[in-house]
Amino acid sequence: SLSIGAVCLQKPFVMAILRQRKTDDVKGPAAAAAATEEPGMIWREDNGVSKLEPVYPRLPKRLEGKPLPKFTVAQVAEHCTSKNCWIISDERVYDVTAFVQAHPGGVGPIVNMAGKDASDVFANYHSARVYRTMLPAYLVGEVTDVVVEPHVADFRNLRQKMLREGLFRTSFIYYAKLCTWMASLFFCSVALSVGAIGAGATWARLLGGALMGVFWQQLAGLGHDLGHSGVTHDFHTDHIVGSALSCLMGLSVGWWKSDHNTHHVVCNAIEHDPNIQHMPLLAITPKIFEKPFWDT
């Protein structure tokens, strides 16, 4: 997942946490709550800051004072299209059909989770504010038979530990250094290409082109972080900055978000992940020819 990827290279750290498995006998949201050592609470990220929040958001007024309707996983799975879209988050079920087309992360990610348990995907992509202020309006009931596999419980506990230790906070010193490096690449490239450096010699223009290529590559990395709201952790701020910088590269941030977010949600699923669908130029598996398609 995105959140695990931030520290996955620290192998000793990850393996130590996985070996602990102190909550293996606890399932679902209860496991994450147990990891916080505060019953009924869970660590969530809000604008890059870790906060303890209630596991379950407040109930909407229409459901207050009455038992929540109960559903099975199989019943939720029947609502699996863009026109009938239910998702499970922390053993509660939400009808988000009305929000599909307005989803800021694109239609692809939300539709690919339709009828499924989206608990981990939702936690990785959404701040505590979304749980508090947006989810309650779509609540329809609770799911009674969600099964959490041991490896999923392990990673949920690991994510709680990372949140508790503040490992999602952004280092703005790093981004200041990165922007300085990228600015030097850009202006040196322009100077070499227009003849301000090298007097218009062939070698200077070629070097200018090469530096512009390196600049674009570095800009793509920064754009990736902004597209995931991983710099300021404010969706609108990162989107505006990313859109402005895309003018230097010619890549739509809105298109990229829908495409790339879908990739993370259904990573390497041949029939769903657009990042591995390259037809008609390249087929990564013969299975594509069984039911040919170019891009979902």
# chains A, B, ... in the order shown; residues from 1 in each chain; ligands from 1

$ residues_around --residues "Val190 of chain A" --least-positions-apart "6" --cutoff "9 Å" --atoms "only C-alpha atoms" --output "list in words"
Ala196, Gly208, Gly209, Leu211 and Met212 of chain A

$ write_last_selection --atoms "C-alpha atoms" --output "short mmCIF file (atom, residue, chain, number, x, y, z; two decimals), in the first residue's frame"
data_model
loop_
_atom_site.label_atom_id
_atom_site.label_comp_id
_atom_site.auth_asym_id
_atom_site.auth_seq_id
_atom_site.Cartn_x
_atom_site.Cartn_y
_atom_site.Cartn_z
CA ALA A 196 23.31 32.28 -23.22
CA GLY A 208 20.59 21.76 -22.72
CA GLY A 209 18.19 19.17 -24.12
CA LEU A 211 19.30 18.66 -18.80
CA MET A 212 15.69 19.42 -19.70
#

$ residues_around --residues "Cys247 of chain A" --least-positions-apart "6" --cutoff "12 Å" --atoms "only C-alpha atoms" --output "NGL selection string"
:A and (216 or 219-220 or 223 or 240-241 or 253)

$ write_last_selection --atoms "all heavy atoms" --output "CSV table (one decimal), in the first residue's frame"
chain,number,residue,atom,x,y,z
A,216,TRP,N,12.6,17.1,-16.4
A,216,TRP,CA,11.2,16.5,-16.5
A,216,TRP,C,11.1,15.3,-15.7
A,216,TRP,O,10.1,15.0,-15.1
A,216,TRP,CB,10.9,16.2,-18.0
A,216,TRP,CG,10.5,17.5,-18.8
A,216,TRP,CD1,10.0,18.6,-18.3
A,216,TRP,CD2,10.7,17.6,-20.2
A,216,TRP,NE1,9.7,19.5,-19.3
A,216,TRP,CE2,10.1,18.9,-20.5
A,216,TRP,CE3,11.1,16.9,-21.2
A,216,TRP,CZ2,10.1,19.4,-21.8
A,216,TRP,CZ3,11.1,17.4,-22.5
A,216,TRP,CH2,10.6,18.6,-22.8
A,219,LEU,N,10.8,16.4,-12.2
A,219,LEU,CA,9.4,17.0,-12.0
A,219,LEU,C,8.3,15.9,-11.9
A,219,LEU,O,7.4,16.1,-11.2
A,219,LEU,CB,9.2,17.9,-13.2
A,219,LEU,CG,7.9,18.8,-13.1
A,219,LEU,CD1,7.9,19.7,-11.9
A,219,LEU,CD2,7.7,19.6,-14.4
A,220,ALA,N,8.5,14.8,-12.7
A,220,ALA,CA,7.5,13.8,-12.6
A,220,ALA,C,7.5,13.2,-11.2
A,220,ALA,O,6.4,12.8,-10.7
A,220,ALA,CB,7.8,12.7,-13.6
A,223,GLY,N,5.7,15.7,-9.1
A,223,GLY,CA,4.3,15.6,-9.4
A,223,GLY,C,3.6,14.4,-8.9
A,223,GLY,O,2.4,14.5,-8.5
A,240,ILE,N,-3.4,22.2,-6.7
A,240,ILE,CA,-3.2,23.5,-7.4
A,240,ILE,C,-1.7,23.6,-7.8
A,240,ILE,O,-1.3,24.0,-8.9
A,240,ILE,CB,-3.6,24.7,-6.5
A,240,ILE,CG1,-5.1,24.7,-6.4
A,240,ILE,CG2,-3.1,26.0,-7.1
A,240,ILE,CD1,-5.6,25.7,-5.4
A,241,VAL,N,-0.8,23.3,-6.9
A,241,VAL,CA,0.6,23.3,-7.1
A,241,VAL,C,1.0,22.3,-8.3
A,241,VAL,O,1.7,22.7,-9.2
A,241,VAL,CB,1.5,23.0,-5.9
A,241,VAL,CG1,3.0,22.9,-6.2
A,241,VAL,CG2,1.2,24.1,-4.8
A,253,VAL,N,-2.8,16.6,-14.5
A,253,VAL,CA,-2.8,16.0,-13.2
A,253,VAL,C,-4.1,15.3,-12.9
A,253,VAL,O,-4.1,14.2,-12.3
A,253,VAL,CB,-2.6,17.1,-12.1
A,253,VAL,CG1,-2.8,16.6,-10.7
A,253,VAL,CG2,-1.2,17.7,-12.2

$ residues_around --residues "Phe122 of chain A" --least-positions-apart "3" --cutoff "12 Å" --atoms "only C-alpha atoms" --output "number ranges by chain"
A: 1-3, 44-45, 87-90, 94, 105, 109-110, 113, 116-119, 125-128, 130-131, 135, 261, 264-265

$ residues_around --residues "Thr170 of chain A" --least-positions-apart "2" --cutoff "7 Å" --atoms "only C-alpha atoms" --output "list in words"
Gly48, Phe168, Phe172 and Val231 of chain A

$ write_last_selection --atoms "all heavy atoms" --output "PDB file, in the first residue's frame"
ATOM      1  N   GLY A  48      -1.139  15.597   7.285  1.00  0.00           N
ATOM      2  CA  GLY A  48       0.222  15.196   7.618  1.00  0.00           C
ATOM      3  C   GLY A  48       0.488  15.011   9.089  1.00  0.00           C
ATOM      4  O   GLY A  48       1.592  14.633   9.478  1.00  0.00           O
ATOM      5  N   PHE A 168       4.605   9.993   8.910  1.00  0.00           N
ATOM      6  CA  PHE A 168       4.000  10.531   7.699  1.00  0.00           C
ATOM      7  C   PHE A 168       4.203  12.044   7.565  1.00  0.00           C
ATOM      8  O   PHE A 168       3.764  12.643   6.591  1.00  0.00           O
ATOM      9  CB  PHE A 168       2.498  10.221   7.674  1.00  0.00           C
ATOM     10  CG  PHE A 168       2.194   8.767   7.453  1.00  0.00           C
ATOM     11  CD1 PHE A 168       2.110   7.891   8.515  1.00  0.00           C
ATOM     12  CD2 PHE A 168       2.005   8.275   6.177  1.00  0.00           C
ATOM     13  CE1 PHE A 168       1.827   6.553   8.317  1.00  0.00           C
ATOM     14  CE2 PHE A 168       1.733   6.935   5.965  1.00  0.00           C
ATOM     15  CZ  PHE A 168       1.641   6.068   7.039  1.00  0.00           C
ATOM     16  N   PHE A 172       9.930  19.425   4.847  1.00  0.00           N
ATOM     17  CA  PHE A 172       9.940  20.517   3.872  1.00  0.00           C
ATOM     18  C   PHE A 172      11.369  20.943   3.537  1.00  0.00           C
ATOM     19  O   PHE A 172      11.601  21.578   2.500  1.00  0.00           O
ATOM     20  CB  PHE A 172       9.114  21.690   4.397  1.00  0.00           C
ATOM     21  CG  PHE A 172       7.635  21.416   4.381  1.00  0.00           C
ATOM     22  CD1 PHE A 172       6.951  21.129   5.557  1.00  0.00           C
ATOM     23  CD2 PHE A 172       6.931  21.412   3.188  1.00  0.00           C
ATOM     24  CE1 PHE A 172       5.597  20.852   5.549  1.00  0.00           C
ATOM     25  CE2 PHE A 172       5.567  21.147   3.162  1.00  0.00           C
ATOM     26  CZ  PHE A 172       4.895  20.857   4.355  1.00  0.00           C
ATOM     27  N   VAL A 231       2.723  16.107  -0.163  1.00  0.00           N
ATOM     28  CA  VAL A 231       3.682  17.178   0.148  1.00  0.00           C
ATOM     29  C   VAL A 231       3.130  18.033   1.297  1.00  0.00           C
ATOM     30  O   VAL A 231       3.640  17.989   2.413  1.00  0.00           O
ATOM     31  CB  VAL A 231       3.980  18.040  -1.085  1.00  0.00           C
ATOM     32  CG1 VAL A 231       4.959  19.165  -0.731  1.00  0.00           C
ATOM     33  CG2 VAL A 231       4.576  17.172  -2.206  1.00  0.00           C
TER      34      VAL A 231
END

$ closest_residue --among "A:Ala183, A:Met249, A:Ile270, A:Leu163" --to "Leu52 of chain A" --atoms "only C-alpha atoms"
A:Leu163

$ closest_residue --among "A:Leu139, A:Pro69, A:His103, A:Val121" --to "Tyr56 of chain A" --atoms "only C-alpha atoms"
A:Leu139

$ decode --residues "segment 80-103 of chain A" --atoms "N, CA and C atoms" --output "PDB file, in the first residue's frame"
ATOM      1  N   CYS A  80     -22.102  -3.418  -7.119  1.00  0.00           N
ATOM      2  CA  CYS A  80     -20.713  -3.363  -7.601  1.00  0.00           C
ATOM      3  C   CYS A  80     -20.538  -2.626  -8.916  1.00  0.00           C
ATOM      4  N   THR A  81     -21.378  -1.648  -9.194  1.00  0.00           N
ATOM      5  CA  THR A  81     -21.252  -0.880 -10.427  1.00  0.00           C
ATOM      6  C   THR A  81     -21.229   0.613 -10.101  1.00  0.00           C
ATOM      7  N   SER A  82     -20.926   1.400 -11.112  1.00  0.00           N
ATOM      8  CA  SER A  82     -20.886   2.852 -10.903  1.00  0.00           C
ATOM      9  C   SER A  82     -22.276   3.412 -10.605  1.00  0.00           C
ATOM     10  N   LYS A  83     -23.325   2.717 -11.047  1.00  0.00           N
ATOM     11  CA  LYS A  83     -24.685   3.180 -10.820  1.00  0.00           C
ATOM     12  C   LYS A  83     -25.298   2.572  -9.559  1.00  0.00           C
ATOM     13  N   ASN A  84     -24.563   1.692  -8.920  1.00  0.00           N
ATOM     14  CA  ASN A  84     -25.032   1.061  -7.682  1.00  0.00           C
ATOM     15  C   ASN A  84     -23.787   0.658  -6.893  1.00  0.00           C
ATOM     16  N   CYS A  85     -23.209   1.637  -6.218  1.00  0.00           N
ATOM     17  CA  CYS A  85     -21.864   1.478  -5.660  1.00  0.00           C
ATOM     18  C   CYS A  85     -21.880   1.538  -4.128  1.00  0.00           C
ATOM     19  N   TRP A  86     -21.656   0.376  -3.510  1.00  0.00           N
ATOM     20  CA  TRP A  86     -21.499   0.300  -2.059  1.00  0.00           C
ATOM     21  C   TRP A  86     -20.067  -0.103  -1.756  1.00  0.00           C
ATOM     22  N   ILE A  87     -19.534   0.410  -0.665  1.00  0.00           N
ATOM     23  CA  ILE A  87     -18.205   0.005  -0.213  1.00  0.00           C
ATOM     24  C   ILE A  87     -18.243  -0.293   1.286  1.00  0.00           C
ATOM     25  N   ILE A  88     -17.302  -1.120   1.710  1.00  0.00           N
ATOM     26  CA  ILE A  88     -17.162  -1.435   3.135  1.00  0.00           C
ATOM     27  C   ILE A  88     -15.941  -0.704   3.669  1.00  0.00           C
ATOM     28  N   SER A  89     -16.095  -0.063   4.806  1.00  0.00           N
ATOM     29  CA  SER A  89     -14.965   0.561   5.488  1.00  0.00           C
ATOM     30  C   SER A  89     -15.115   0.314   6.985  1.00  0.00           C
ATOM     31  N   ASP A  90     -14.136  -0.370   7.557  1.00  0.00           N
ATOM     32  CA  ASP A  90     -14.165  -0.689   8.985  1.00  0.00           C
ATOM     33  C   ASP A  90     -15.472  -1.372   9.395  1.00  0.00           C
ATOM     34  N   GLU A  91     -15.871  -2.350   8.596  1.00  0.00           N
ATOM     35  CA  GLU A  91     -17.034  -3.191   8.876  1.00  0.00           C
ATOM     36  C   GLU A  91     -18.362  -2.446   8.834  1.00  0.00           C
ATOM     37  N   ARG A  92     -18.353  -1.248   8.271  1.00  0.00           N
ATOM     38  CA  ARG A  92     -19.594  -0.543   8.009  1.00  0.00           C
ATOM     39  C   ARG A  92     -19.734  -0.363   6.502  1.00  0.00           C
ATOM     40  N   VAL A  93     -20.951  -0.280   6.030  1.00  0.00           N
ATOM     41  CA  VAL A  93     -21.190  -0.207   4.592  1.00  0.00           C
ATOM     42  C   VAL A  93     -21.776   1.150   4.223  1.00  0.00           C
ATOM     43  N   TYR A  94     -21.281   1.688   3.112  1.00  0.00           N
ATOM     44  CA  TYR A  94     -21.670   3.025   2.663  1.00  0.00           C
ATOM     45  C   TYR A  94     -22.127   2.959   1.209  1.00  0.00           C
ATOM     46  N   ASP A  95     -23.237   3.616   0.924  1.00  0.00           N
ATOM     47  CA  ASP A  95     -23.734   3.733  -0.445  1.00  0.00           C
ATOM     48  C   ASP A  95     -23.207   5.043  -1.019  1.00  0.00           C
ATOM     49  N   VAL A  96     -22.158   4.960  -1.827  1.00  0.00           N
ATOM     50  CA  VAL A  96     -21.495   6.164  -2.355  1.00  0.00           C
ATOM     51  C   VAL A  96     -21.837   6.407  -3.818  1.00  0.00           C
ATOM     52  N   THR A  97     -22.927   5.808  -4.273  1.00  0.00           N
ATOM     53  CA  THR A  97     -23.314   5.936  -5.681  1.00  0.00           C
ATOM     54  C   THR A  97     -23.394   7.388  -6.118  1.00  0.00           C
ATOM     55  N   ALA A  98     -23.989   8.223  -5.291  1.00  0.00           N
ATOM     56  CA  ALA A  98     -24.194   9.629  -5.664  1.00  0.00           C
ATOM     57  C   ALA A  98     -22.885  10.403  -5.736  1.00  0.00           C
ATOM     58  N   PHE A  99     -21.816   9.822  -5.185  1.00  0.00           N
ATOM     59  CA  PHE A  99     -20.546  10.547  -5.116  1.00  0.00           C
ATOM     60  C   PHE A  99     -19.546  10.066  -6.169  1.00  0.00           C
ATOM     61  N   VAL A 100     -19.877   9.003  -6.898  1.00  0.00           N
ATOM     62  CA  VAL A 100     -18.905   8.392  -7.819  1.00  0.00           C
ATOM     63  C   VAL A 100     -18.352   9.404  -8.808  1.00  0.00           C
ATOM     64  N   GLN A 101     -19.211  10.113  -9.505  1.00  0.00           N
ATOM     65  CA  GLN A 101     -18.757  11.033 -10.542  1.00  0.00           C
ATOM     66  C   GLN A 101     -18.045  12.264  -9.977  1.00  0.00           C
ATOM     67  N   ALA A 102     -18.300  12.575  -8.706  1.00  0.00           N
ATOM     68  CA  ALA A 102     -17.673  13.746  -8.081  1.00  0.00           C
ATOM     69  C   ALA A 102     -16.399  13.388  -7.326  1.00  0.00           C
ATOM     70  N   HIS A 103     -16.027  12.105  -7.311  1.00  0.00           N
ATOM     71  CA  HIS A 103     -14.871  11.667  -6.532  1.00  0.00           C
ATOM     72  C   HIS A 103     -13.598  12.350  -7.019  1.00  0.00           C
TER      73      HIS A 103
END
